[in-house]
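As provided, final21.txt (compact mmCIF, C-alpha atoms) reads as follows.
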```
# COMPACT_ATOMS: atom_id res chain seq x y z
CA MET O 1490 32.95 27.96 -18.03
CA LYS O 1491 29.21 27.59 -18.33
CA ALA O 1492 28.63 30.70 -16.24
CA LYS O 1493 30.98 32.60 -18.54
CA LEU O 1494 28.92 31.52 -21.51
CA GLY O 1495 25.84 32.75 -19.70
CA VAL O 1496 27.47 36.11 -19.04
CA SER O 1497 28.37 36.32 -22.72
CA ALA O 1498 24.73 35.70 -23.54
CA LEU O 1499 23.74 38.54 -21.21
CA VAL O 1500 26.18 40.88 -22.95
CA LEU O 1501 24.72 39.91 -26.32
CA LEU O 1502 21.22 40.50 -24.99
CA PHE O 1503 22.24 43.94 -23.78
CA LEU O 1504 23.56 44.77 -27.24
CA ALA O 1505 20.40 43.41 -28.83
CA GLY O 1506 18.34 45.66 -26.57
CA LEU O 1507 20.36 48.67 -27.67
CA TRP O 1508 19.86 47.67 -31.30
CA LEU O 1509 16.12 47.41 -30.80
CA VAL O 1510 16.02 50.93 -29.39
CA ALA O 1511 17.95 52.25 -32.36
CA ALA O 1512 16.35 50.08 -35.05
CA PRO O 1513 13.29 52.26 -35.90
CA PHE O 1514 15.55 55.21 -36.65
CA ALA O 1515 18.39 53.21 -38.17
CA VAL O 1516 16.21 51.16 -40.50
CA GLY O 1517 13.98 54.13 -41.24
CA TYR O 1518 10.47 52.92 -40.49
CA GLN O 1519 9.95 55.74 -38.02
CA PRO O 1520 9.20 58.92 -40.00
CA ARG O 1521 11.07 61.98 -38.82
CA GLY O 1522 9.04 64.57 -37.04
CA ALA O 1523 6.00 62.33 -36.79
CA GLY O 1524 4.47 60.59 -33.82
CA TYR O 1525 5.84 57.21 -32.94
CA VAL O 1526 4.26 54.39 -34.94
CA ASP O 1527 3.21 51.17 -33.22
CA ALA O 1528 6.33 49.27 -34.29
CA THR O 1529 8.54 52.01 -32.89
CA VAL O 1530 6.76 52.05 -29.55
CA ASN O 1531 7.01 48.25 -29.35
CA ASP O 1532 10.69 48.25 -30.19
CA LEU O 1533 11.50 51.02 -27.74
CA TRP O 1534 9.72 49.30 -24.86
CA LEU O 1535 11.07 45.84 -25.60
CA GLY O 1536 14.58 47.01 -26.41
CA GLY O 1537 14.76 49.22 -23.36
CA SER O 1538 13.48 46.45 -21.13
CA ILE O 1539 15.87 43.83 -22.50
CA ALA O 1540 18.82 46.18 -22.20
CA ALA O 1541 17.87 47.22 -18.68
CA VAL O 1542 17.28 43.69 -17.40
CA SER O 1543 20.47 42.34 -18.89
CA PHE O 1544 22.46 45.30 -17.61
CA VAL O 1545 21.12 44.88 -14.08
CA SER O 1546 21.88 41.17 -14.26
CA LEU O 1547 25.44 41.88 -15.32
CA VAL O 1548 25.85 44.35 -12.46
CA VAL O 1549 24.46 41.87 -9.95
CA TYR O 1550 26.73 39.16 -11.32
CA ALA O 1551 29.80 41.36 -11.06
CA ALA O 1552 28.88 42.58 -7.59
CA ASP O 1553 28.34 39.07 -6.26
CA ALA O 1554 31.59 37.87 -7.81
CA LEU O 1555 33.46 40.77 -6.19
CA ARG O 1556 31.83 40.05 -2.84
CA GLU O 1557 32.95 36.45 -3.05
CA LEU O 1558 36.47 37.53 -3.89
CA ALA O 1559 36.51 39.89 -0.90
CA ARG O 1560 35.27 37.11 1.37
CA ARG O 1561 37.97 34.77 0.17
CA GLY O 1562 40.53 37.50 0.78
CA LYS O 1563 39.35 37.91 4.37
CA HIS O 1564 39.59 34.20 4.96
CA ALA O 1565 43.10 34.18 3.52
CA ASP O 1566 44.19 37.01 5.85
CA ALA O 1567 42.77 35.34 8.94
CA MET G 1376 24.93 31.14 -6.55
CA ILE G 1377 22.51 34.05 -6.46
CA ARG G 1378 24.19 35.73 -9.40
CA LYS G 1379 23.69 32.68 -11.54
CA PHE G 1380 20.08 32.54 -10.52
CA VAL G 1381 19.61 36.20 -11.45
CA GLY G 1382 21.26 35.53 -14.80
CA ALA G 1383 18.98 32.58 -15.46
CA VAL G 1384 15.88 34.64 -14.68
CA ALA G 1385 17.05 37.51 -16.90
CA ALA G 1386 17.78 35.12 -19.75
CA ALA G 1387 14.36 33.50 -19.35
CA LEU G 1388 12.71 36.92 -19.55
CA ALA G 1389 14.72 37.62 -22.68
CA VAL G 1390 13.43 34.40 -24.24
CA MET G 1391 9.86 35.53 -23.67
CA ALA G 1392 10.62 39.00 -25.00
CA GLY G 1393 12.17 37.49 -28.11
CA MET G 1394 9.13 35.35 -28.75
CA TRP G 1395 6.88 38.36 -28.37
CA LEU G 1396 9.05 40.32 -30.82
CA MET G 1397 8.63 37.54 -33.38
CA ILE G 1398 4.84 37.63 -33.27
CA ALA G 1399 4.38 41.34 -32.52
CA PRO G 1400 4.05 42.58 -36.13
CA PHE G 1401 1.22 40.12 -36.74
CA ALA G 1402 -0.39 40.61 -33.34
CA LEU G 1403 -0.32 44.39 -33.51
CA GLY G 1404 -1.41 44.47 -37.13
CA THR G 1405 1.55 46.44 -38.42
CA GLN G 1406 2.19 43.72 -41.00
CA PRO G 1407 -0.41 43.84 -43.82
CA GLU G 1408 -1.97 40.51 -44.61
CA ASN G 1409 -1.08 38.77 -47.88
CA ALA G 1410 1.82 41.10 -48.49
CA ASP G 1411 5.59 40.84 -48.36
CA TRP G 1412 7.17 41.49 -45.02
CA THR G 1413 7.77 45.15 -44.37
CA ASP G 1414 10.98 46.51 -42.91
CA PRO G 1415 9.65 46.71 -39.34
CA THR G 1416 8.37 43.15 -39.57
CA ALA G 1417 11.66 41.72 -40.78
CA THR G 1418 13.64 43.72 -38.25
CA GLU G 1419 11.47 42.72 -35.31
CA PHE G 1420 11.16 39.09 -36.35
CA PHE G 1421 14.85 38.40 -36.85
CA THR G 1422 15.91 40.44 -33.85
CA GLY G 1423 13.37 38.55 -31.76
CA LEU G 1424 14.65 35.25 -33.11
CA GLY G 1425 18.19 36.15 -32.13
CA VAL G 1426 17.12 37.37 -28.70
CA ALA G 1427 15.15 34.16 -28.07
CA VAL G 1428 18.00 31.90 -29.16
CA VAL G 1429 20.64 33.77 -27.17
CA GLY G 1430 18.34 33.89 -24.17
CA LEU G 1431 17.74 30.16 -24.38
CA ILE G 1432 21.47 29.50 -24.50
CA GLY G 1433 21.90 31.75 -21.48
CA VAL G 1434 19.20 29.92 -19.52
CA ILE G 1435 20.77 26.55 -20.27
CA CYS G 1436 24.25 27.74 -19.33
CA PHE G 1437 23.16 29.30 -16.04
CA VAL G 1438 21.04 26.31 -15.06
CA LEU G 1439 23.95 23.96 -15.73
CA ALA G 1440 26.25 26.25 -13.73
CA ILE G 1441 23.79 26.21 -10.80
CA TYR G 1442 23.61 22.44 -11.00
CA GLU G 1443 27.39 22.16 -10.95
CA GLU G 1444 27.60 24.39 -7.90
CA LEU G 1445 24.96 22.37 -6.09
CA VAL G 1446 26.93 19.22 -6.81
CA VAL G 1447 30.14 20.83 -5.51
CA ARG G 1448 28.36 21.89 -2.31
CA GLY G 1449 27.03 18.40 -1.84
CA LEU G 1450 23.40 19.47 -2.00
CA VAL G 1451 22.82 17.32 -5.04
CA VAL G 1452 24.12 13.80 -5.18
CA VAL G 1453 25.03 12.55 -8.58
CA ARG G 1454 23.81 9.04 -9.08
CA GLN G 1455 26.47 6.75 -10.38
CA ARG G 1456 25.14 4.46 -12.98
CA GLN G 1457 25.67 0.97 -11.75
CA ALA G 1458 27.16 -1.35 -14.26
CA GLU G 1459 24.76 -4.13 -14.88
CA PRO G 1460 26.31 -7.47 -13.97
CA GLU G 1461 26.64 -9.76 -16.87
CA PRO G 1462 24.24 -12.64 -16.64
CA GLU G 1463 26.00 -15.82 -15.69
CA PRO G 1464 25.82 -18.45 -18.34
CA ALA G 1465 23.19 -20.97 -17.48
CA PRO G 1466 24.58 -24.35 -16.48
CA PRO G 1467 24.15 -26.85 -19.23
CA ALA G 1468 21.08 -28.95 -18.74
CA PRO G 1469 21.87 -32.50 -17.81
CA GLN G 1470 21.40 -34.47 -20.96
CA ALA G 1471 20.40 -38.04 -20.77
CA SER G 1472 22.59 -40.23 -22.77
CA SER G 1473 21.06 -42.02 -25.71
CA ALA G 1474 21.60 -45.37 -23.97
CA GLU G 1475 19.60 -44.23 -20.93
CA LEU G 1476 16.88 -42.90 -23.17
CA ALA G 1477 16.70 -46.15 -25.07
CA SER G 1478 16.45 -48.18 -21.89
CA LEU G 1479 13.64 -45.91 -20.64
CA LEU G 1480 11.66 -46.15 -23.84
CA ALA G 1481 12.22 -49.85 -24.44
CA PRO G 1482 9.16 -51.10 -22.43
CA LEU G 1483 6.91 -48.61 -24.18
CA VAL G 1484 8.14 -49.60 -27.59
CA GLU G 1485 7.73 -53.24 -26.72
CA ALA G 1486 4.18 -52.71 -25.54
CA LEU G 1487 3.28 -50.80 -28.68
CA ARG G 1488 4.71 -53.49 -30.87
CA GLU G 1489 2.76 -56.18 -29.08
CA ASP G 1490 -0.35 -54.13 -29.37
CA LEU G 1491 0.11 -53.65 -33.10
CA ASN G 1492 0.79 -57.30 -33.66
CA ASN G 1493 -2.39 -58.34 -31.83
CA PRO G 1494 -4.98 -55.73 -32.75
CA GLY G 1495 -8.07 -57.89 -32.01
CA GLU G 1496 -7.13 -59.09 -28.59
CA HIS G 1497 -7.97 -57.26 -25.44
CA ARG G 1498 -5.50 -56.79 -22.76
CA ARG G 1499 -5.72 -58.78 -19.64
CA ASN G 1500 -6.88 -55.83 -17.61
CA GLY G 1501 -9.88 -55.44 -19.92
CA LYS G 1502 -8.91 -52.20 -21.53
CA ALA G 1503 -8.80 -51.67 -25.23
CA SER G 1504 -5.57 -51.73 -27.11
CA LEU G 1505 -3.44 -48.65 -27.14
CA VAL G 1506 -3.88 -48.23 -30.88
CA GLY G 1507 -7.63 -48.59 -30.60
CA MET G 1508 -7.78 -46.05 -27.82
CA GLU G 1509 -5.84 -43.60 -29.90
CA ASP G 1510 -8.18 -44.13 -32.84
CA ASN G 1511 -11.26 -43.57 -30.70
CA ARG G 1512 -10.10 -40.20 -29.42
```
Give the structure from the file, written as structure tokens.
Amino acid sequence: MKAKLGVSALVLLFLAGLWLVAAPFAVGYQPRGAGYVDATVNDLWLGGSIAAVSFVSLVVYAADALRELARRGKHADA
Amino acid sequence: MIRKFVGAVAAALAVMAGMWLMIAPFALGTQPENADWTDPTATEFFTGLGVAVVGLIGVICFVLAIYEELVVRGLVVVRQRQAEPEPEPAPPAPQASSAELASLLAPLVEALREDLNNPGEHRRNGKASLVGMEDNR
């Protein structure tokens, strides 16, 4: 139950990272056709990092859970 | 086990990222001093706040999940709180009856009375009277 809550938090963090990447263009503080302002660069780096880390964590979590399921299946067959 | 550890680390990193997002507009100087918050400031601050809170919840959940698994594996022993034994009621102190007390104090009272009745006389053993001794203290 607690691990599921943690996974939910990771999903929310992934979505927050995506929002951070999109925020400068969605909110409008990044002028079109101009070089990236400091806030945009910060948001892109942070958002991309948060999304990437949370995504990798979700993948690792799913992979390890699948591996455990496969191991239990092998034990059941034997 | 390892997946929960990875989740806890990722959530902890997210907490730090969220805190940086909250202070970034002021640290980078994109927020003018003595002015209302600009759009980038508000966006970064509140997004960072949400990221930090969600990350903190994730850290707590994963750490508790790891703890539970360690308990299930027997690597961590949960201490059972021992119920404190109720203190036994102290046995009632033996109380001397008033008759015993009176018999014990009778010689003393008698001596005091004699001493008061004969204040000028010395006792046979040469010592002053009890009342006189008390007055001289």
For a quick test of understanding: name the residues of chain G lying within 10 Å of chain O when counting all atoms listed in the file, and present them as a PyMOL selection string. chain G and resi 1376-1386+1388-1390+1392-1393+1395-1396+1399-1400+1403-1406+1413-1416+1418-1419+1422-1423+1425-1441+1443
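Atom CA of O:Lys1563 is found 21.8 Å from atom CA of G:Val1447.
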Distance atom CA of O:Ala1511-atom CA of O:Tyr1525, one decimal place?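 One can read the atom CA of O:Ala1511 to atom CA of O:Tyr1525 distance as 13.1 Å.
Between atom CA of G:Glu1444 and atom CA of O:Glu1557 lies a distance of 14.1 Å.
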Could you work out an axis-aligned bounding box for all listed atoms of stretch 1562-1567 of chain O, with 6 Å added on each of the six sides, and give its centre and edge lengths in Å to one decimal, as JSON?
```
{"center_x": 41.8, "center_y": 36.0, "center_z": 4.9, "size_x": 16.8, "size_y": 15.7, "size_z": 20.2}
```
